[in-house]
file run-v1.txt (compact mmCIF, C-alpha atoms and all ligand atoms)
# COMPACT_ATOMS: atom_id res chain seq x y z
CA MET A 15 0.00 0.00 0.00
CA THR A 16 1.09 3.54 -0.72
CA THR A 17 2.48 5.71 2.04
CA THR A 18 2.42 8.90 -0.05
CA PRO A 19 2.25 11.94 2.24
CA LEU A 20 -1.15 13.62 2.41
CA GLN A 21 -1.43 16.85 0.48
CA ASN A 22 -4.67 17.81 2.20
CA ASP A 23 -5.01 16.72 5.81
CA ARG A 24 -7.56 19.32 7.01
CA PHE A 25 -10.15 16.65 7.64
CA LEU A 26 -7.84 14.52 9.83
CA ARG A 27 -6.55 17.59 11.64
CA ALA A 28 -10.06 18.82 12.39
CA LEU A 29 -11.01 15.39 13.74
CA ALA A 30 -7.98 15.61 16.03
CA ARG A 31 -9.18 19.12 17.05
CA GLN A 32 -6.02 20.64 15.62
CA PRO A 33 -5.80 24.03 13.87
CA VAL A 34 -6.68 24.28 10.18
CA ASP A 35 -6.80 27.17 7.69
CA ARG A 36 -10.45 26.60 6.79
CA THR A 37 -13.22 24.22 7.83
CA PRO A 38 -12.92 20.91 5.97
CA VAL A 39 -15.98 19.51 4.23
CA TRP A 40 -17.40 16.32 2.76
CA MET A 41 -20.96 15.36 1.89
CA MET A 42 -23.00 12.31 2.69
CA ARG A 43 -23.72 10.57 -0.66
CA GLN A 44 -21.31 12.90 -2.41
CA ALA A 45 -21.12 10.29 -5.15
CA GLY A 46 -24.68 9.69 -6.23
CA ARG A 47 -27.61 10.20 -8.49
CA TYR A 48 -27.52 14.03 -8.50
CA LEU A 49 -24.37 13.73 -10.66
CA PRO A 50 -24.99 12.95 -14.37
CA GLU A 51 -21.60 11.22 -14.55
CA TYR A 52 -22.70 8.89 -11.72
CA ARG A 53 -25.96 8.06 -13.47
CA ALA A 54 -24.01 7.22 -16.62
CA LYS A 55 -21.62 4.88 -14.77
CA ARG A 56 -24.47 3.23 -12.93
CA ALA A 57 -26.27 2.60 -16.21
CA ASP A 58 -23.07 1.08 -17.66
CA ALA A 59 -22.58 -1.11 -14.61
CA GLY A 60 -26.18 -2.40 -14.64
CA SER A 61 -27.05 -1.96 -10.98
CA PHE A 62 -25.94 -0.25 -7.82
CA MET A 63 -24.45 -3.46 -6.38
CA ASP A 64 -22.59 -4.10 -9.64
CA LEU A 65 -20.98 -0.69 -9.16
CA CYS A 66 -20.00 -1.61 -5.61
CA ARG A 67 -18.65 -5.03 -6.57
CA ASN A 68 -16.39 -3.77 -9.33
CA HIS A 69 -13.45 -2.05 -7.65
CA ASP A 70 -12.48 0.00 -10.71
CA LEU A 71 -16.01 1.37 -11.12
CA ALA A 72 -16.40 1.91 -7.35
CA CYS A 73 -13.15 3.87 -7.48
CA GLU A 74 -14.29 5.94 -10.47
CA VAL A 75 -17.55 7.01 -8.84
CA THR A 76 -15.80 7.74 -5.53
CA LEU A 77 -13.53 10.18 -7.37
CA GLN A 78 -16.26 11.85 -9.47
CA PRO A 79 -17.38 14.46 -6.90
CA LEU A 80 -13.73 15.27 -6.09
CA GLU A 81 -13.21 16.38 -9.69
CA ARG A 82 -16.10 18.83 -9.47
CA PHE A 83 -15.93 20.21 -5.93
CA PRO A 84 -13.12 21.21 -3.55
CA LEU A 85 -13.91 18.51 -0.99
CA ASP A 86 -11.51 17.55 1.80
CA ALA A 87 -12.24 13.81 2.02
CA ALA A 88 -13.27 10.96 -0.23
CA ILE A 89 -15.77 8.39 1.04
CA LEU A 90 -15.66 4.81 -0.12
CA PHE A 91 -18.42 4.06 -2.59
CA SER A 92 -20.21 1.08 -1.07
CA ASP A 93 -23.15 0.44 1.22
CA ILE A 94 -23.76 -0.47 4.84
CA LEU A 95 -25.72 -3.57 3.79
CA THR A 96 -22.67 -5.43 2.47
CA ILE A 97 -22.32 -7.17 5.87
CA PRO A 98 -25.79 -8.74 6.00
CA ASP A 99 -25.36 -9.63 2.34
CA ALA A 100 -22.11 -11.45 3.20
CA MET A 101 -24.04 -13.23 5.98
CA GLY A 102 -26.14 -14.83 3.26
CA LEU A 103 -29.33 -12.73 3.44
CA GLY A 104 -29.37 -11.92 -0.28
CA LEU A 105 -29.36 -8.14 -0.72
CA TYR A 106 -31.09 -6.70 -3.78
CA PHE A 107 -32.36 -3.32 -4.95
CA GLU A 108 -35.51 -2.87 -6.96
CA THR A 109 -35.62 0.19 -9.19
CA GLY A 110 -37.16 3.13 -7.40
CA GLU A 111 -37.26 1.26 -4.09
CA GLY A 112 -34.86 0.90 -1.19
CA PRO A 113 -32.78 -2.15 -0.31
CA LYS A 114 -34.42 -5.53 0.25
CA PHE A 115 -33.32 -8.91 1.62
CA LYS A 116 -34.44 -12.29 0.35
CA LYS A 117 -34.17 -13.73 3.87
CA THR A 118 -35.00 -12.13 7.22
CA VAL A 119 -33.69 -12.89 10.71
CA ARG A 120 -36.46 -12.96 13.32
CA SER A 121 -36.25 -16.03 15.52
CA GLN A 122 -33.71 -17.19 18.07
CA GLU A 123 -32.77 -20.05 15.70
CA GLU A 124 -32.20 -17.66 12.80
CA VAL A 125 -30.02 -15.41 14.96
CA ALA A 126 -28.03 -18.37 16.29
CA ALA A 127 -27.42 -19.62 12.74
CA LEU A 128 -25.68 -16.39 11.68
CA SER A 129 -21.92 -16.35 11.47
CA VAL A 130 -19.50 -13.45 11.36
CA PRO A 131 -18.19 -13.03 7.80
CA ASP A 132 -14.46 -13.11 7.20
CA ALA A 133 -14.12 -9.52 5.96
CA GLU A 134 -10.98 -10.10 3.93
CA ARG A 135 -12.41 -13.15 2.16
CA ASP A 136 -16.19 -12.57 2.01
CA LEU A 137 -16.00 -8.81 1.46
CA ASP A 138 -12.83 -8.76 -0.58
CA TYR A 139 -14.52 -6.58 -3.23
CA VAL A 140 -14.85 -3.80 -0.63
CA MET A 141 -11.21 -4.12 0.41
CA ARG A 142 -10.11 -4.06 -3.22
CA ALA A 143 -12.17 -0.90 -3.76
CA VAL A 144 -10.52 0.71 -0.71
CA SER A 145 -6.99 -0.08 -1.87
CA THR A 146 -7.74 0.98 -5.46
CA ILE A 147 -9.21 4.32 -4.33
CA ARG A 148 -6.29 4.90 -1.97
CA ARG A 149 -3.85 4.28 -4.80
CA GLU A 150 -5.73 6.57 -7.22
CA LEU A 151 -6.09 9.35 -4.65
CA ASN A 152 -2.31 9.29 -4.42
CA GLY A 153 -2.32 11.40 -1.25
CA ARG A 154 -4.69 14.11 -2.56
CA MET A 155 -6.94 13.78 0.48
CA PRO A 156 -7.88 11.10 3.01
CA LEU A 157 -10.30 8.26 2.38
CA ILE A 158 -13.18 7.55 4.76
CA GLY A 159 -14.27 3.95 5.29
CA PHE A 160 -17.60 3.15 6.91
CA SER A 161 -20.06 0.64 8.28
CA GLY A 162 -23.57 0.64 9.67
CA SER A 163 -23.99 0.32 13.43
CA PRO A 164 -25.18 -3.06 14.70
CA TRP A 165 -28.58 -1.58 15.57
CA THR A 166 -29.02 -0.02 12.14
CA LEU A 167 -27.93 -3.20 10.34
CA ALA A 168 -30.34 -5.18 12.52
CA THR A 169 -33.25 -2.97 11.40
CA TYR A 170 -32.75 -4.06 7.79
CA MET A 171 -32.05 -7.72 8.63
CA VAL A 172 -35.10 -8.18 10.85
CA GLU A 173 -37.51 -6.12 8.73
CA GLY A 174 -36.16 -7.40 5.41
CA GLY A 175 -35.63 -3.86 4.13
CA SER A 176 -36.45 -0.26 5.02
CA SER A 177 -39.23 0.23 7.54
CA LYS A 178 -41.37 3.02 8.91
CA ASP A 179 -42.45 1.43 12.18
CA PHE A 180 -39.81 -1.29 12.80
CA ARG A 181 -42.63 -3.68 13.72
CA HIS A 182 -40.70 -6.95 13.74
CA LEU A 183 -37.59 -5.37 15.21
CA LYS A 184 -39.41 -3.77 18.13
CA THR A 185 -41.26 -7.02 18.74
CA MET A 186 -37.90 -8.78 19.06
CA LEU A 187 -36.49 -6.03 21.27
CA TYR A 188 -39.35 -6.03 23.77
CA ASP A 189 -40.38 -9.70 23.66
CA THR A 190 -36.99 -11.39 23.39
CA PRO A 191 -34.26 -8.91 24.38
CA ASP A 192 -31.74 -11.76 24.77
CA THR A 193 -32.17 -12.69 21.12
CA MET A 194 -31.80 -9.02 20.18
CA HIS A 195 -28.57 -8.83 22.17
CA GLN A 196 -27.24 -11.96 20.54
CA LEU A 197 -27.90 -10.52 17.10
CA LEU A 198 -26.28 -7.18 18.01
CA ASP A 199 -23.24 -8.89 19.52
CA THR A 200 -22.72 -10.94 16.34
CA LEU A 201 -23.03 -7.76 14.29
CA ALA A 202 -20.63 -5.85 16.55
CA HIS A 203 -17.99 -8.52 15.89
CA ALA A 204 -18.70 -8.39 12.17
CA VAL A 205 -18.48 -4.58 12.05
CA THR A 206 -15.23 -4.53 14.04
CA ASP A 207 -13.59 -7.01 11.66
CA TYR A 208 -14.99 -5.22 8.63
CA LEU A 209 -13.74 -1.78 9.66
CA ASN A 210 -10.35 -3.14 10.69
CA ALA A 211 -10.03 -4.79 7.27
CA GLN A 212 -10.91 -1.44 5.63
CA ILE A 213 -8.26 0.29 7.76
CA ARG A 214 -5.65 -2.31 6.78
CA ALA A 215 -6.66 -1.84 3.12
CA GLY A 216 -6.14 1.93 3.39
CA ALA A 217 -9.12 3.74 4.99
CA GLN A 218 -7.69 6.71 6.92
CA ALA A 219 -10.78 7.44 9.03
CA VAL A 220 -13.92 5.41 9.66
CA GLN A 221 -17.51 6.41 10.27
CA ILE A 222 -20.21 4.28 11.90
CA PHE A 223 -23.66 5.16 10.60
CA ASP A 224 -26.35 4.68 13.23
CA THR A 225 -29.10 5.88 10.95
CA TRP A 226 -31.92 4.39 13.02
CA GLY A 227 -30.61 4.88 16.58
CA GLY A 228 -33.01 7.81 16.86
CA ALA A 229 -35.95 5.39 16.72
CA LEU A 230 -35.15 4.21 20.27
CA SER A 231 -36.08 5.44 23.75
CA THR A 232 -33.17 6.78 25.80
CA PRO A 233 -32.58 3.59 27.83
CA ALA A 234 -33.01 1.45 24.72
CA TYR A 235 -30.53 3.61 22.77
CA LEU A 236 -27.93 3.15 25.50
CA GLU A 237 -28.55 -0.59 25.82
CA PHE A 238 -29.14 -1.63 22.20
CA SER A 239 -27.22 0.85 20.10
CA LEU A 240 -24.57 2.92 21.87
CA ARG A 241 -23.23 -0.01 23.89
CA TYR A 242 -22.42 -1.97 20.73
CA MET A 243 -20.82 1.01 19.02
CA GLU A 244 -18.66 1.39 22.12
CA GLN A 245 -17.71 -2.30 21.87
CA ILE A 246 -16.70 -1.76 18.22
CA VAL A 247 -14.66 1.39 18.92
CA ALA A 248 -12.75 -0.49 21.64
CA GLY A 249 -11.78 -3.16 19.09
CA LEU A 250 -10.71 -0.91 16.23
CA ILE A 251 -7.17 -0.31 14.97
CA ARG A 252 -6.57 3.28 16.05
CA GLU A 253 -3.17 3.80 14.50
CA HIS A 254 -2.05 2.62 11.08
CA ASP A 255 1.00 3.55 9.01
CA GLY A 256 2.13 5.79 11.89
CA ARG A 257 -1.03 7.87 11.80
CA ARG A 258 -4.11 8.05 14.02
CA VAL A 259 -7.21 6.53 12.39
CA PRO A 260 -10.07 8.62 13.76
CA VAL A 261 -13.52 7.15 14.37
CA ILE A 262 -16.72 9.14 13.84
CA LEU A 263 -20.04 8.03 15.34
CA PHE A 264 -23.16 9.34 13.72
CA THR A 265 -26.57 8.70 15.24
CA LYS A 266 -29.29 10.31 13.16
CA ASN A 267 -31.75 12.06 15.49
CA GLY A 268 -29.38 11.34 18.36
CA GLY A 269 -28.90 14.97 19.44
CA GLN A 270 -30.43 14.38 22.85
CA TRP A 271 -27.79 11.76 23.75
CA LEU A 272 -24.58 13.63 22.87
CA GLU A 273 -23.21 13.56 26.43
CA HIS A 274 -23.48 9.76 26.37
CA SER A 275 -22.21 9.33 22.80
CA ALA A 276 -19.22 11.57 23.52
CA CYS A 277 -18.01 8.99 26.07
CA ALA A 278 -18.04 6.01 23.68
CA GLY A 279 -14.36 6.40 22.79
CA ALA A 280 -14.78 7.95 19.32
CA ASP A 281 -12.74 10.92 18.09
CA ALA A 282 -15.76 12.73 16.70
CA LEU A 283 -19.54 12.75 16.66
CA GLY A 284 -21.55 13.41 13.55
CA ILE A 285 -24.66 15.42 14.30
CA ASP A 286 -27.65 15.92 12.05
CA TRP A 287 -28.94 19.34 11.11
CA SER A 288 -31.76 19.28 13.66
CA THR A 289 -29.18 19.67 16.44
CA GLU A 290 -27.65 23.11 16.84
CA LEU A 291 -23.84 23.01 16.72
CA SER A 292 -23.43 25.69 19.41
CA ASP A 293 -25.49 23.59 21.78
CA ALA A 294 -23.68 20.38 20.80
CA ARG A 295 -20.27 22.01 21.30
CA ALA A 296 -21.19 23.31 24.73
CA ARG A 297 -22.42 19.87 25.73
CA VAL A 298 -19.49 17.73 24.53
CA GLY A 299 -16.79 20.20 25.61
CA HIS A 300 -13.34 19.07 24.57
CA LYS A 301 -14.13 15.37 24.50
CA VAL A 302 -14.72 15.02 20.76
CA ALA A 303 -14.67 16.89 17.47
CA LEU A 304 -18.04 17.60 15.79
CA GLN A 305 -19.10 16.89 12.25
CA GLY A 306 -22.16 18.72 11.03
CA ASN A 307 -24.36 19.95 9.36
CA LEU A 308 -26.38 21.74 6.79
CA ASP A 309 -29.89 20.66 5.89
CA PRO A 310 -29.25 19.15 2.43
CA ASN A 311 -32.53 20.56 1.18
CA VAL A 312 -31.10 24.06 1.56
CA LEU A 313 -29.47 23.25 -1.78
CA PHE A 314 -32.85 23.55 -3.49
CA ALA A 315 -32.84 27.26 -2.61
CA ARG A 316 -31.08 30.08 -4.45
CA PRO A 317 -27.31 30.65 -3.91
CA SER A 318 -27.82 33.65 -1.58
CA ALA A 319 -30.02 31.54 0.71
CA ILE A 320 -27.46 28.72 0.62
CA ARG A 321 -24.74 31.18 1.61
CA ALA A 322 -26.80 32.55 4.50
CA GLU A 323 -27.35 29.06 5.84
CA VAL A 324 -23.65 28.13 5.52
CA ALA A 325 -22.84 31.32 7.45
CA ARG A 326 -25.34 30.38 10.15
CA VAL A 327 -23.88 26.86 10.59
CA LEU A 328 -20.29 28.19 10.77
CA GLU A 329 -21.29 30.84 13.30
CA SER A 330 -23.12 28.25 15.35
CA TYR A 331 -19.95 26.17 15.79
CA GLY A 332 -17.94 29.36 16.25
CA HIS A 333 -14.20 29.95 16.29
CA GLY A 334 -11.46 27.39 16.68
CA PRO A 335 -10.65 23.85 15.67
CA GLY A 336 -12.67 20.64 15.90
CA HIS A 337 -15.33 21.23 13.25
CA VAL A 338 -15.84 19.18 10.10
CA PHE A 339 -18.53 20.65 7.88
CA ASN A 340 -20.90 18.05 6.53
CA LEU A 341 -23.89 18.07 4.29
CA GLY A 342 -26.31 15.58 5.57
CA HIS A 343 -28.21 13.66 5.85
CA GLY A 344 -27.87 12.59 2.22
CA ILE A 345 -27.85 14.81 -0.81
CA SER A 346 -31.07 14.53 -2.81
CA GLN A 347 -30.95 13.11 -6.32
CA PHE A 348 -32.81 16.25 -7.44
CA THR A 349 -30.05 18.63 -6.32
CA ASN A 350 -28.55 20.84 -9.00
CA PRO A 351 -24.76 20.32 -8.94
CA ASP A 352 -24.32 24.09 -9.51
CA HIS A 353 -25.93 24.66 -6.13
CA VAL A 354 -23.33 22.37 -4.57
CA THR A 355 -20.71 24.61 -6.15
CA ALA A 356 -22.42 27.63 -4.55
CA PHE A 357 -22.35 25.85 -1.19
CA MET A 358 -18.62 25.09 -1.53
CA GLU A 359 -17.82 28.65 -2.57
CA ALA A 360 -19.69 30.07 0.40
CA LEU A 361 -17.86 27.73 2.75
CA HIS A 362 -14.47 28.57 1.27
CA ASP A 363 -15.17 32.31 1.54
CA LEU A 364 -16.66 32.30 4.99
CA SER A 365 -14.85 29.63 6.98
CA PRO A 366 -11.23 30.95 7.14
CA GLN A 367 -12.24 33.76 9.52
CA TYR A 368 -13.19 31.13 12.11
CA HIS A 369 -9.61 29.83 12.14
CA GLN A 370 -7.67 33.08 12.10
CA GLY A 371 -5.18 33.75 14.85
CA ILE A 372 -4.78 30.05 15.55
CA PRO A 373 -1.36 28.80 14.39
CA THR A 374 -1.69 25.99 11.85
CA GLN A 375 1.85 24.72 11.66
CA SER A 376 2.94 24.20 15.24
CA SER A 377 4.83 20.92 15.25
CA ASP A 378 3.49 20.13 18.72
CA ALA A 379 -0.10 20.47 17.66
CA TYR A 380 0.57 18.44 14.56
CA SER A 381 2.22 15.47 16.24
CA GLY A 382 -1.07 13.74 17.07
CA VAL A 383 -1.90 12.94 13.48
CA LYS A 384 1.66 13.06 12.16
O1 LIG A 401 -27.73 4.45 -7.37
C1 LIG A 401 -28.64 4.22 -6.54
O2 LIG A 401 -29.82 4.30 -6.80
C2 LIG A 401 -28.29 3.73 -5.20
C3 LIG A 401 -28.51 4.73 -4.12
C4 LIG A 401 -27.48 4.43 -3.06
C5 LIG A 401 -26.21 5.00 -2.95
C6 LIG A 401 -25.59 6.05 -3.83
C7 LIG A 401 -27.60 3.44 -2.04
C8 LIG A 401 -28.71 2.51 -1.81
N1 LIG A 401 -26.43 3.45 -1.31
C9 LIG A 401 -25.57 4.38 -1.83
C10 LIG A 401 -24.20 4.64 -1.40
C11 LIG A 401 -23.94 4.79 0.01
N2 LIG A 401 -24.67 4.27 1.06
C12 LIG A 401 -22.83 5.47 0.53
C13 LIG A 401 -21.75 5.98 -0.42
C14 LIG A 401 -20.78 6.95 -0.11
C15 LIG A 401 -21.07 8.41 -0.49
O3 LIG A 401 -20.72 8.81 -1.62
O4 LIG A 401 -21.55 9.15 0.36
C16 LIG A 401 -22.94 5.41 1.93
C17 LIG A 401 -22.01 6.02 2.96
C18 LIG A 401 -24.09 4.65 2.25
C19 LIG A 401 -24.51 4.28 3.59
C20 LIG A 401 -25.90 3.80 3.82
N3 LIG A 401 -26.65 2.92 3.06
C21 LIG A 401 -26.67 4.12 4.96
C22 LIG A 401 -26.17 4.97 6.09
C23 LIG A 401 -26.29 6.37 5.76
C24 LIG A 401 -27.73 6.84 5.61
O5 LIG A 401 -28.14 7.11 4.47
O6 LIG A 401 -28.39 6.93 6.64
C25 LIG A 401 -27.91 3.48 4.85
C26 LIG A 401 -29.07 3.54 5.81
C27 LIG A 401 -27.88 2.70 3.66
C28 LIG A 401 -28.95 1.82 3.14
C29 LIG A 401 -29.34 2.25 1.80
N4 LIG A 401 -28.65 1.94 0.66
C30 LIG A 401 -29.23 2.56 -0.42
C31 LIG A 401 -30.34 3.31 0.05
C32 LIG A 401 -31.25 4.12 -0.80
C33 LIG A 401 -30.38 3.13 1.45
C34 LIG A 401 -31.33 3.81 2.42
C35 LIG A 401 -32.60 3.05 2.53
C36 LIG A 401 -33.47 3.57 3.66
O7 LIG A 401 -33.74 4.79 3.71
O8 LIG A 401 -33.89 2.74 4.48
call {"tool": "encode", "arguments": {"input": "run-v1.txt", "output": "structure tokens"}}
result
Amino acid sequence: MTTTPLQNDRFLRALARQPVDRTPVWMMRQAGRYLPEYRAKRADAGSFMDLCRNHDLACEVTLQPLERFPLDAAILFSDILTIPDAMGLGLYFETGEGPKFKKTVRSQEEVAALSVPDAERDLDYVMRAVSTIRRELNGRMPLIGFSGSPWTLATYMVEGGSSKDFRHLKTMLYDTPDTMHQLLDTLAHAVTDYLNAQIRAGAQAVQIFDTWGGALSTPAYLEFSLRYMEQIVAGLIREHDGRRVPVILFTKNGGQWLEHSACAGADALGIDWSTELSDARARVGHKVALQGNLDPNVLFARPSAIRAEVARVLESYGHGPGHVFNLGHGISQFTNPDHVTAFMEALHDLSPQYHQGIPTQSSDAYSGVK
């Protein structure tokens, strides 16, 4: 694997709460259907999973948004549902619909029959994509690897796809919590192995997506979601190639639990746009960096409105290091790419003032990420 020095390390520095010249940015689903070049590649490939399984194509679509916009990180083009697929559940996507599984996991017997995939063997296409992207990036910027949280993966495995009410999942949680725990423990082992394999293949930071953690009560979030993310974080490779590999936890609609999430051992918390950054920063103190967040639907508005909202988000975090700007949750397929350009321009104009007067090249401050 390449050990080319990083030309742009703003993202890693911000995650380590070290000074930067401007606020780094990446977008959730930055490679996706809003880009005509993505739609063309996807049509060539045949299906979304065909794109993911072909490491050259996965690499090409990962790099597409980086050619258009001055982003500070690449994110692996893949999906969180690769793990349940590797467990034999049979992932498929029907046009215009979300993900679906041929098999579901609902009984104690079905949970007991699951085994943890060997990430390097059963998910080798993901690892090949990671190493290909890393090679092609050639040190331009860092690569983010990712996984779903055990709880979020369980929602899809138990329901057999996306769900509005999590009927089968909540039945399992309240009727047979031991079975639920067994499933989550198996998934926590799978996610740990999977993320460590991505790190060995070249991922320079990893994010755990807990998209459905916000569907839980407070005690259930702590017991069924956060606890397993904590277990994963404790098992992750935290330094690779002489550099810290930061971990970001993102619980959608998890703003009310930040004090708890900040103690899970991660370097940073992703927060969705419904949580105010000023409030989040005051609550987590110096424990973690914060990644967040512009309502992606702001991009439907005119450039002046986009700029005003970027200004508001920057002001909400305020001065000093520890902020990664993120557009989430998920850029809409109907977004005009020119509006993304307007967003980037606003951020590049407005963010440097929040970092002025803070030295960026102190060797002491830099040593943490090397
Ligand atoms: O081309 C297409 O139609 C496929 C749409 C698509 C894309 C572009 C899916 C199906 N997944 C992805 C890529 C993807 N998924 C990335 C790529 C990296 C990037 O460029 O940002 C990432 C990080 C994910 C992660 C993912 N998949 C999550 C967690 C983040 C989130 O959105 O909350 C979840 C929940 C999934 C499941 C999934 N896969 C695809 C869809 C449409 C969904 C969501 C289904 C649902 O809402 O339940």
call {"tool": "residues_near_ligand", "arguments": {"input": "run-v1.txt", "ligand": "ligand LIG 401 (chain A)", "cutoff": "6 Å", "atoms": "all atoms listed in the file", "output": "ChimeraX atom specification"}}
result
/A:42-47,62,89-94,112-113,176,223,225,344
call {"tool": "write_last_selection", "arguments": {"input": "run-v1.txt", "atoms": "C-alpha atoms", "output": "mmCIF file, keeping the file's coordinate frame"}}
result
data_model
loop_
_atom_site.group_PDB
_atom_site.id
_atom_site.type_symbol
_atom_site.label_atom_id
_atom_site.label_comp_id
_atom_site.auth_asym_id
_atom_site.auth_seq_id
_atom_site.Cartn_x
_atom_site.Cartn_y
_atom_site.Cartn_z
ATOM 1 C CA MET A 42 -23.000 12.310 2.690
ATOM 2 C CA ARG A 43 -23.720 10.570 -0.660
ATOM 3 C CA GLN A 44 -21.310 12.900 -2.410
ATOM 4 C CA ALA A 45 -21.120 10.290 -5.150
ATOM 5 C CA GLY A 46 -24.680 9.690 -6.230
ATOM 6 C CA ARG A 47 -27.610 10.200 -8.490
ATOM 7 C CA PHE A 62 -25.940 -0.250 -7.820
ATOM 8 C CA ILE A 89 -15.770 8.390 1.040
ATOM 9 C CA LEU A 90 -15.660 4.810 -0.120
ATOM 10 C CA PHE A 91 -18.420 4.060 -2.590
ATOM 11 C CA SER A 92 -20.210 1.080 -1.070
ATOM 12 C CA ASP A 93 -23.150 0.440 1.220
ATOM 13 C CA ILE A 94 -23.760 -0.470 4.840
ATOM 14 C CA GLY A 112 -34.860 0.900 -1.190
ATOM 15 C CA PRO A 113 -32.780 -2.150 -0.310
ATOM 16 C CA SER A 176 -36.450 -0.260 5.020
ATOM 17 C CA PHE A 223 -23.660 5.160 10.600
ATOM 18 C CA THR A 225 -29.100 5.880 10.950
ATOM 19 C CA GLY A 344 -27.870 12.590 2.220
#
call {"tool": "closest_residue", "arguments": {"input": "run-v1.txt", "among": "A:Ala211, A:Ser231, A:Asp136, A:Pro335", "to": "Arg31 (chain A)", "atoms": "all atoms listed in the file"}}
result
A:Pro335
call {"tool": "residues_around", "arguments": {"input": "run-v1.txt", "residues": "region 97-110 of chain A", "least_positions_apart": "4", "cutoff": "7 Å", "atoms": "only C-alpha atoms", "output": "compact mmCIF listing (two decimals) with C-alpha atoms, keeping the file's coordinate frame"}}
result
# COMPACT_ATOMS: atom_id res chain seq x y z
CA LYS A 114 -34.42 -5.53 0.25
CA PHE A 115 -33.32 -8.91 1.62
CA LYS A 116 -34.44 -12.29 0.35
CA LYS A 117 -34.17 -13.73 3.87
CA THR A 118 -35.00 -12.13 7.22
CA LEU A 128 -25.68 -16.39 11.68
CA SER A 129 -21.92 -16.35 11.47
CA PRO A 131 -18.19 -13.03 7.80
CA ASP A 136 -16.19 -12.57 2.01
CA LEU A 137 -16.00 -8.81 1.46
CA MET A 171 -32.05 -7.72 8.63
call {"tool": "residues_around", "arguments": {"input": "run-v1.txt", "residues": "Val298 (chain A)", "least_positions_apart": "2", "cutoff": "12 Å", "atoms": "all atoms listed in the file", "output": "ChimeraX atom specification"}}
result
/A:269-278,281-285,291-296,300-304,336
call {"tool": "residues_around", "arguments": {"input": "run-v1.txt", "residues": "Glu51 (chain A)", "least_positions_apart": "6", "cutoff": "12 Å", "atoms": "only C-alpha atoms", "output": "count of residues only"}}
result
13
call {"tool": "atom_distance", "arguments": {"input": "run-v1.txt", "atom1": "CA of Ala280 (chain A)", "atom2": "CA of His254 (chain A)"}}
result
16.1 Å
call {"tool": "closest_residue", "arguments": {"input": "run-v1.txt", "among": "A:Arg154, A:Asp138, A:Val119, A:Asp207", "to": "Tyr170 (chain A)", "atoms": "only C-alpha atoms"}}
result
A:Val119
call {"tool": "closest_residue", "arguments": {"input": "run-v1.txt", "among": "A:Thr349, A:Thr355, A:Thr206, A:Thr37", "to": "Asp132 (chain A)", "atoms": "all atoms listed in the file"}}
result
A:Thr206
call {"tool": "residues_around", "arguments": {"input": "run-v1.txt", "residues": "Ile147 (chain A)", "least_positions_apart": "4", "cutoff": "9 Å", "atoms": "all atoms listed in the file", "output": "PyMOL selection string"}}
result
chain A and resi 69-70+72-74+76-77+88+90+142-143+151-152+157+216
call {"tool": "atom_distance", "arguments": {"input": "run-v1.txt", "atom1": "CA of Glu244 (chain A)", "atom2": "CA of Ala202 (chain A)"}}
result
9.3 Å
call {"tool": "atom_distance", "arguments": {"input": "run-v1.txt", "atom1": "CA of Leu361 (chain A)", "atom2": "CA of Ala325 (chain A)"}}
result
7.7 Å
call {"tool": "residues_around", "arguments": {"input": "run-v1.txt", "residues": "Gly342 (chain A)", "least_positions_apart": "4", "cutoff": "8 Å", "atoms": "only C-alpha atoms", "output": "PyMOL selection string"}}
result
chain A and resi 41-42+286-287+306-310
call {"tool": "closest_residue", "arguments": {"input": "run-v1.txt", "among": "A:Leu240, A:Arg214, A:Ala219, A:Tyr188", "to": "Asp255 (chain A)", "atoms": "all atoms listed in the file"}}
result
A:Arg214
call {"tool": "closest_residue", "arguments": {"input": "run-v1.txt", "among": "A:Thr200, A:Asn267, A:Gln218, A:Gln122", "to": "Thr232 (chain A)", "atoms": "only C-alpha atoms"}}
result
A:Asn267
